[in-house]
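Novice: Sharing a structure, written as structure tokens. Questions coming.
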Amino acid sequence: MARHTLQVNGSPVTVEVSDDTPLLWVLRDTLGLTGTKYGCGISQCGACTVHVDGEPVRSCVLPIARVDGEVRTIEALGGEHPLHRAWVEENVPQCGYCQSGQIMSAAALLARTPRPASRDIDEAMRGNLCRCGTYGRIRRAILRAAGLDPDPDPDPDPDPDPDPDPDPDPDPDPEPDPDPDPDPASATAPTRENPDG
């Protein structure tokens with residue numbers, strides 16, 4: 001056991017745990033901050049995401065001895081954070097298990113990129129898995145929290161081509177057939193010569 005002092009949600013705390021204890025278990029078991037969830041234990045799902053000096057980290061694999069900076073958890077955001085309101089307005093949570101990690105990753109994104117583009121959201125959120133598949137709602141909530149339109153119109157086609165294969169040389173007035181077949185009904189039958197003529 002070793003003594004470790006760190007800043008958590010703006011306050012100094014001292015804990016006595018082994019150096020290799022993951023930050024996740026210090027937060028949950030020692031400090032009682034249970035908003036941060038255990039998902040996979042191998043830094044692959046993002047449910048355990050917290051901030052260290054503003055950067056999102058996976059607390060399930062970060063030993064307490066390597067924590068160097070202020071730790072912020074989901075509890076530090078409070079219930080009136082724009083992301084919390086947007087999450088409710090967009091009805092994001094289903095089972096809710098991954099949502100604290102999703103919100104913490106989104107909060108780090110908006111802190112450094114207040115008006116994110118789609119590629120920014122993809123990059124920031126790709127490490128957070130949602131087993132309920134609410135990715136579309138998560139994206140809409142992030143855009144709403146940023147003050148952007150959560151339902152942007154699709155990009156218009158700058159050069160619509162309704163006829164992808166037009167005839168390059170149309171012939172609207174073709175030449176008439178110079179020698180059409182005679183109408184059998186109107187043709188005159190040949191006459192026979194009168195041998196006695």
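Chain labels A, B, ... are given in the sequence in which chains occur in the structure tokens; within each chain residues are numbered consecutively from 1, and ligands are likewise numbered from 1 in the order shown.
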Find the spatial neighbours of Gln102 in chain A, counting only C-alpha atoms, within a cut-off of 8 Å - ignore same-chain residues fewer than 4 positions away - and output them as a list in words.
Specialist: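 Returned residues: Gly46, Ala47, Thr49, Cys98, Ala106, Met125 and Asn128 of chain A.
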Novice: At a cut-off of 10 Å, using only C-alpha atoms, what residues contact Ile142 in chain A? Leave out same-chain residues fewer than 3 positions from it and give the result as a list in words.
Specialist: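 Residues near the query, excluding close chain neighbours: Pro82, Leu83, His84, Ala86, Trp87, Glu90, Ile103, Ala106, Ala107, Leu109, Leu110, Arg115, Pro116, Ile121, Arg137, Ile138, Arg139, Ala145, Ala146, Gly147, Leu148, Asp149 and Pro150 of chain A.
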Novice: Can you pull out every residue within 9 Å of Asp68 in chain A, counting only C-alpha atoms, but drop anything in the same chain fewer than 4 positions away, and send it as a PyMOL selection string?
Specialist: chain A and resi 6+52-53+64
Novice: Excluding same-chain residues fewer than 4 positions from Asp19 in chain A, what lies within 10 Å of it counting only C-alpha atoms, as number ranges by chain?
Specialist: A: 1-4, 23, 63-66
Novice: Need the shell around Thr5 in chain A: protein/DNA/RNA residues with any atom at most 10 Å away, counting only C-alpha atoms. Skip same-chain ones fewer than 4 positions apart. Format as a PyMOL selection string?
Specialist: chain A and resi 12-16+64-65+67
Novice: Restricting it to N, CA, C and O atoms, dump the selection as a CSV table (one decimal), in the first residue's frame.
Specialist:
chain,number,residue,atom,x,y,z
A,12,PRO,N,-8.4,18.3,-3.4
A,12,PRO,CA,-7.3,17.3,-3.1
A,12,PRO,C,-7.8,16.2,-2.3
A,12,PRO,O,-8.6,16.3,-1.4
A,13,VAL,N,-7.4,15.0,-2.7
A,13,VAL,CA,-7.8,13.8,-2.0
A,13,VAL,C,-6.5,12.9,-1.8
A,13,VAL,O,-5.6,13.0,-2.6
A,14,THR,N,-6.5,12.2,-0.7
A,14,THR,CA,-5.4,11.3,-0.4
A,14,THR,C,-5.9,9.9,-0.2
A,14,THR,O,-6.9,9.7,0.6
A,15,VAL,N,-5.3,9.0,-0.9
A,15,VAL,CA,-5.8,7.6,-0.8
A,15,VAL,C,-4.6,6.7,-0.5
A,15,VAL,O,-3.5,7.0,-0.8
A,16,GLU,N,-4.9,5.5,0.1
A,16,GLU,CA,-3.8,4.5,0.4
A,16,GLU,C,-4.2,3.3,-0.4
A,16,GLU,O,-5.1,2.5,0.0
A,64,ILE,N,-2.9,4.2,-10.6
A,64,ILE,CA,-3.0,5.5,-9.8
A,64,ILE,C,-1.6,6.1,-9.7
A,64,ILE,O,-1.5,7.3,-9.7
A,65,ALA,N,-0.5,5.3,-9.7
A,65,ALA,CA,0.8,5.9,-9.6
A,65,ALA,C,1.2,6.7,-10.9
A,65,ALA,O,2.2,7.5,-10.8
A,67,VAL,N,-1.0,8.7,-12.5
A,67,VAL,CA,-1.9,9.8,-12.7
A,67,VAL,C,-1.1,11.1,-12.4
A,67,VAL,O,-0.6,11.3,-11.3
